[in-house]
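*Asks:* The structure's right below; bear with me while I get my questions together.
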Amino acid sequence: MVETHDLTKVYSDGVEVRAVDGVTLSIGAGEFVALTGPSGSGKTTLLNLIGTLDVPTAGRVVVDGVDVGTLRGDRLADFRREKIGFVFQFFNLVPTLTALENVMLPLLPYRRWCRFDLKARARELLQALGLEGRMYHLPGQLSGGEQQRVAIARALVNEPLLILADEPTGNLDSRATEEILALLQRLNTERGITLVVATHNPRVAAAAGRVVELRDGRILGG
Ligand SMILES: Nc1ncnc2c1ncn2[C@@H]1O[C@H](COP(=O)(O)OP(=O)(O)OP(=O)(O)O)[C@@H](O)[C@H]1O
Ligand SMILES: [Mg+2]
């Protein structure tokens, strides 16, 4: 599902930082992989490169058999929208939109071309995630765990093959963490969605099928 070949990202504003340094990694369809490593080891950078939100300095990323480096502009945006769901540490919900609107948002510009009823799908997702009573709440009226569940519903609205999550439990207490973890595991085992999750939390890493540890942009022992 995901392959990286000698993937490298160098930031060079003043000092040169090799944020990701020659990472070669293969993640099969249906795997649940935890990316661990200390702060600054390159987890977020690697996720952003895999998710095509960032462009590598060198090396390649292949997602679902497509070398994403060959995609540009609209074709890249279409690819990302069709295949990938993103979950962020700080939820990234729009504060002025309701939970329901936030879930619909990624597909809203494409609503006319959707072969399904976007609003109905967003409702179903929120219901499935235990938020049926929260659809018309604004993010500020929701708990952290509820906000993260809305963000996961939003990541699922395009029925992605791959979910990339950056510290999805980083801002949650232990109960909400368990909830979100169980939810991610269900998506993985029941729907076969491939999960790549950057995390500092040993509980999350223990739940993953495989742990990939980064140090200074490189895979430890890899
Ligand atoms: N836009 C940028 N410009 C310059 N350097 C950057 C940029 N983004 C990240 N870096 C550097 O790249 C390295 C890797 O950062 P990254 O955010 O990938 O680490 P991380 O493992 O996600 O850390 P954390 O656990 O704190 O989230 C760090 O040294 C960071 O300072
Ligand atoms: Mg990070």
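By convention here, the chains of the structure tokens are called A, B, ... in the order presented, each chain's residues are numbered starting at 1, and ligands are numbered starting at 1 in the order presented.
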Neighbouring residues of ligand 1 are defined here as those with any atom at most 6 Å from a ligand atom, counting only C-alpha atoms and all ligand atoms; list them as a VMD selection string.
*Replies:* chain A and resid 11 17 19 38 to 45
*Asks:* Write out the residues from the selection above, keeping N, CA, C and O atoms, as an mmCIF file, in the first residue's frame.
*Replies:*
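To be explicit, this is the file written out as again-v4.cif:
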data_model
loop_
_atom_site.group_PDB
_atom_site.id
_atom_site.type_symbol
_atom_site.label_atom_id
_atom_site.label_comp_id
_atom_site.auth_asym_id
_atom_site.auth_seq_id
_atom_site.Cartn_x
_atom_site.Cartn_y
_atom_site.Cartn_z
ATOM 1 N N TYR A 11 15.705 20.127 5.122
ATOM 2 C CA TYR A 11 15.333 21.539 5.285
ATOM 3 C C TYR A 11 16.619 22.332 5.374
ATOM 4 O O TYR A 11 17.512 21.965 6.130
ATOM 5 N N VAL A 17 18.902 20.596 7.996
ATOM 6 C CA VAL A 17 18.347 19.526 8.828
ATOM 7 C C VAL A 17 17.878 18.404 7.917
ATOM 8 O O VAL A 17 17.040 18.617 7.034
ATOM 9 N N ALA A 19 15.620 15.964 7.947
ATOM 10 C CA ALA A 19 14.452 15.566 8.741
ATOM 11 C C ALA A 19 14.078 14.113 8.473
ATOM 12 O O ALA A 19 13.698 13.376 9.383
ATOM 13 N N PRO A 38 11.903 9.823 19.214
ATOM 14 C CA PRO A 38 11.868 11.056 19.995
ATOM 15 C C PRO A 38 11.409 12.258 19.174
ATOM 16 O O PRO A 38 11.362 12.193 17.943
ATOM 17 N N SER A 39 11.084 13.324 19.877
ATOM 18 C CA SER A 39 10.693 14.567 19.230
ATOM 19 C C SER A 39 11.787 15.008 18.263
ATOM 20 O O SER A 39 12.967 14.981 18.603
ATOM 21 N N GLY A 40 11.400 15.359 17.048
ATOM 22 C CA GLY A 40 12.370 15.805 16.053
ATOM 23 C C GLY A 40 12.981 14.686 15.231
ATOM 24 O O GLY A 40 13.840 14.917 14.387
ATOM 25 N N SER A 41 12.535 13.434 15.453
ATOM 26 C CA SER A 41 13.137 12.301 14.738
ATOM 27 C C SER A 41 12.606 12.146 13.314
ATOM 28 O O SER A 41 13.133 11.341 12.552
ATOM 29 N N GLY A 42 11.560 12.906 12.956
ATOM 30 C CA GLY A 42 11.114 12.901 11.563
ATOM 31 C C GLY A 42 9.758 12.257 11.303
ATOM 32 O O GLY A 42 9.369 12.058 10.153
ATOM 33 N N LYS A 43 9.004 11.956 12.370
ATOM 34 C CA LYS A 43 7.718 11.253 12.209
ATOM 35 C C LYS A 43 6.723 12.058 11.375
ATOM 36 O O LYS A 43 6.135 11.550 10.418
ATOM 37 N N THR A 44 6.540 13.313 11.756
ATOM 38 C CA THR A 44 5.568 14.151 11.048
ATOM 39 C C THR A 44 6.010 14.380 9.604
ATOM 40 O O THR A 44 5.201 14.296 8.674
ATOM 41 N N THR A 45 7.298 14.627 9.425
ATOM 42 C CA THR A 45 7.812 14.845 8.074
ATOM 43 C C THR A 45 7.563 13.625 7.203
ATOM 44 O O THR A 45 7.107 13.739 6.057
#
*Asks:* Contacts of Asp6 in chain A at 9 Å or less, counting only C-alpha atoms, minus same-chain residues fewer than 5 places along, as a list in words?
*Replies:*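 Counting only the stated atoms, we get Asp21, Gly22, Val23, Thr24, Leu25, Ala58, Gly59 and Arg60 of chain A.
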*Asks:* Selected residues, N, CA and C atoms, written as a PDB file, in the first residue's frame, please.
*Replies:*
ATOM      1  N   ASP A  21      15.879  10.885   6.292  1.00  0.00           N
ATOM      2  CA  ASP A  21      17.211  10.682   5.737  1.00  0.00           C
ATOM      3  C   ASP A  21      17.360   9.270   5.161  1.00  0.00           C
ATOM      4  N   GLY A  22      16.918   9.092   3.920  1.00  0.00           N
ATOM      5  CA  GLY A  22      17.120   7.799   3.248  1.00  0.00           C
ATOM      6  C   GLY A  22      16.233   6.692   3.785  1.00  0.00           C
ATOM      7  N   VAL A  23      14.947   6.973   3.950  1.00  0.00           N
ATOM      8  CA  VAL A  23      14.036   5.970   4.510  1.00  0.00           C
ATOM      9  C   VAL A  23      13.464   5.074   3.407  1.00  0.00           C
ATOM     10  N   THR A  24      13.712   3.788   3.520  1.00  0.00           N
ATOM     11  CA  THR A  24      13.115   2.799   2.625  1.00  0.00           C
ATOM     12  C   THR A  24      12.216   1.920   3.475  1.00  0.00           C
ATOM     13  N   LEU A  25      10.927   1.902   3.108  1.00  0.00           N
ATOM     14  CA  LEU A  25       9.925   1.289   3.982  1.00  0.00           C
ATOM     15  C   LEU A  25       8.819   0.720   3.105  1.00  0.00           C
ATOM     16  N   ALA A  58      14.687  14.061  -2.116  1.00  0.00           N
ATOM     17  CA  ALA A  58      15.148  12.961  -2.957  1.00  0.00           C
ATOM     18  C   ALA A  58      14.364  11.712  -2.577  1.00  0.00           C
ATOM     19  N   GLY A  59      14.379  10.731  -3.474  1.00  0.00           N
ATOM     20  CA  GLY A  59      13.688   9.480  -3.201  1.00  0.00           C
ATOM     21  C   GLY A  59      12.253   9.500  -3.713  1.00  0.00           C
ATOM     22  N   ARG A  60      11.569   8.367  -3.509  1.00  0.00           N
ATOM     23  CA  ARG A  60      10.231   8.214  -4.080  1.00  0.00           C
ATOM     24  C   ARG A  60       9.237   7.707  -3.053  1.00  0.00           C
TER      25      ARG A  60
END
*Asks:* Would you give me, as a ChimeraX atom specification, the residues in range 44-89 of chain A that DSSP reads as strand (DSSP E)?
*Replies:* /A:58-63,66-67,84-87
*Asks:* Considering only C-alpha atoms and all ligand atoms, state which residue in the set A:Tyr110, A:Phe90, A:Phe116, A:Tyr136 is at the smallest distance from ligand 2.
*Replies:* A:Phe90
*Asks:* Work out how far apart CA of Arg134 in chain A and CA of Gln147 in chain A are and give it in Å to one decimal.
*Replies:*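 A separation of 10.0 Å between them.
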*Asks:* Rank nothing, just name the residue among A:Leu187, A:Ala165, A:Met104, A:Leu195 nearest to ligand 2, using only C-alpha atoms and all ligand atoms.
*Replies:* A:Ala165
*Asks:* Run DSSP on the backbone and grab whatever in range 130-195 of chain A lands in helix (DSSP H, G or I); send it over as a ChimeraX atom specification.
*Replies:* /A:132-134,139-141,144-156,174-191
*Asks:* Of the candidates A:Thr199, A:Ser26, A:Ser12, A:Thr177, which shows the shortest atom-to-atom distance to ligand 2, using only C-alpha atoms and all ligand atoms?
*Replies:*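 Looking only at the distances to ligand 2, the closest residue turns out to be A:Thr199.
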*Asks:* Counting only C-alpha atoms and all ligand atoms, figure out which residue out of A:Arg191, A:His5, A:His200, A:Arg80 gets nearest to ligand 2.
*Replies:*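 So, comparing all the options, the nearest one is A:His200.
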*Asks:* What does the structure give for the distance between CA of Phe32 in chain A and CA of Val103 in chain A, in Å to one decimal?
*Replies:* 23.4 Å
*Asks:* Measuring between only C-alpha atoms, which one of A:Ala151, A:Ile193, A:Ile180, A:Val15 shows the shortest distance to Phe88 in chain A?
*Replies:* A:Ala151
*Asks:* Report, in Å with one decimal, the straight-line distance from CA of Gly51 in chain A to CA of Leu107 in chain A.
*Replies:* 17.3 Å
*Asks:* Can you tell me which residues surround range 169-173 of chain A at a distance of at most 12 Å, considering only C-alpha atoms, apart from same-chain residues fewer than 3 positions away, and format the answer as a ChimeraX atom specification?
*Replies:* /A:87-91,143-149,151-152,165-166,176-184,197-205
*Asks:* Quick one: everything within 8 Å of Val33 in chain A, counting only C-alpha atoms, minus sequence neighbours fewer than 3 positions away in the same chain. Send it as a compact mmCIF listing (two decimals) with C-alpha atoms, in the first residue's frame.
*Replies:*
# COMPACT_ATOMS: atom_id res chain seq x y z
CA ILE A 27 3.76 -1.13 4.32
CA LEU A 195 -3.07 2.72 9.29
CA VAL A 196 0.16 4.62 9.77
CA VAL A 197 0.16 6.36 13.14
CA ALA A 208 0.00 -1.70 16.25
CA GLY A 209 0.98 -4.73 14.22
CA ARG A 210 4.43 -3.28 13.63
CA VAL A 211 6.51 -0.52 15.17
CA VAL A 212 8.91 1.51 13.03
*Asks:* Contacts of Met1 in chain A at 7 Å or less, counting only C-alpha atoms, minus same-chain residues fewer than 4 places along, as a list in words?
*Replies:*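 Residues meeting the cut-off are Ile27, Gly28, Ala29, Val63 and Asp64 of chain A.
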*Asks:* Determine, counting only C-alpha atoms, which protein, DNA and RNA residues have an atom within 8 Å of an atom of Lys119 in chain A; residues of the same chain fewer than 2 positions away are not included. Present the result as a PyMOL selection string.
*Replies:* chain A and resi 100+104+117+121-123
*Asks:* Mind writing the picked residues with all heavy atoms as a compact mmCIF listing (two decimals), in the first residue's frame?
*Replies:*
# COMPACT_ATOMS: atom_id res chain seq x y z
N LEU A 100 -21.17 18.03 11.92
CA LEU A 100 -21.64 17.48 10.64
C LEU A 100 -20.98 18.19 9.46
O LEU A 100 -20.50 17.55 8.52
CB LEU A 100 -23.17 17.60 10.57
CG LEU A 100 -23.84 16.93 9.38
CD1 LEU A 100 -23.67 15.42 9.42
CD2 LEU A 100 -25.34 17.28 9.34
N MET A 104 -18.35 16.81 6.45
CA MET A 104 -18.67 16.94 5.02
C MET A 104 -17.61 17.74 4.25
O MET A 104 -17.45 17.60 3.04
CB MET A 104 -20.03 17.65 4.85
CG MET A 104 -21.20 16.84 5.36
SD MET A 104 -22.72 17.81 5.45
CE MET A 104 -23.02 18.13 3.70
N ASP A 117 -25.05 10.39 -1.20
CA ASP A 117 -25.53 11.59 -0.51
C ASP A 117 -24.53 11.93 0.60
O ASP A 117 -24.41 11.22 1.59
CB ASP A 117 -26.92 11.28 0.08
CG ASP A 117 -27.49 12.49 0.81
OD1 ASP A 117 -26.74 13.43 1.13
OD2 ASP A 117 -28.70 12.46 1.07
N ARG A 121 -23.99 10.31 4.38
CA ARG A 121 -22.78 9.58 4.76
C ARG A 121 -22.14 10.19 6.00
O ARG A 121 -21.71 9.47 6.91
CB ARG A 121 -21.76 9.56 3.62
CG ARG A 121 -20.48 8.88 4.08
CD ARG A 121 -19.45 8.71 3.03
NE ARG A 121 -19.89 7.77 2.01
CZ ARG A 121 -19.17 7.47 0.93
NH1 ARG A 121 -17.99 8.02 0.77
NH2 ARG A 121 -19.63 6.63 0.03
N ALA A 122 -22.07 11.51 6.06
CA ALA A 122 -21.47 12.18 7.22
C ALA A 122 -22.26 11.85 8.49
O ALA A 122 -21.67 11.58 9.55
CB ALA A 122 -21.42 13.69 6.98
N ARG A 123 -23.60 11.83 8.37
CA ARG A 123 -24.44 11.47 9.52
C ARG A 123 -24.15 10.04 9.98
O ARG A 123 -24.00 9.77 11.16
CB ARG A 123 -25.91 11.53 9.14
CG ARG A 123 -26.49 12.90 9.05
CD ARG A 123 -27.91 12.78 8.48
NE ARG A 123 -28.61 14.02 8.61
CZ ARG A 123 -29.08 14.48 9.75
NH1 ARG A 123 -28.96 13.78 10.86
NH2 ARG A 123 -29.68 15.66 9.80
*Asks:* Here is a test: counting only C-alpha atoms and all ligand atoms, which residue of A:Gly85, A:Leu35, A:Asn158, A:Ile50 is nearest to ligand 2?
*Replies:*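 When distances to ligand 2 are compared using only C-alpha atoms and all ligand atoms, the smallest one comes from A:Leu35.
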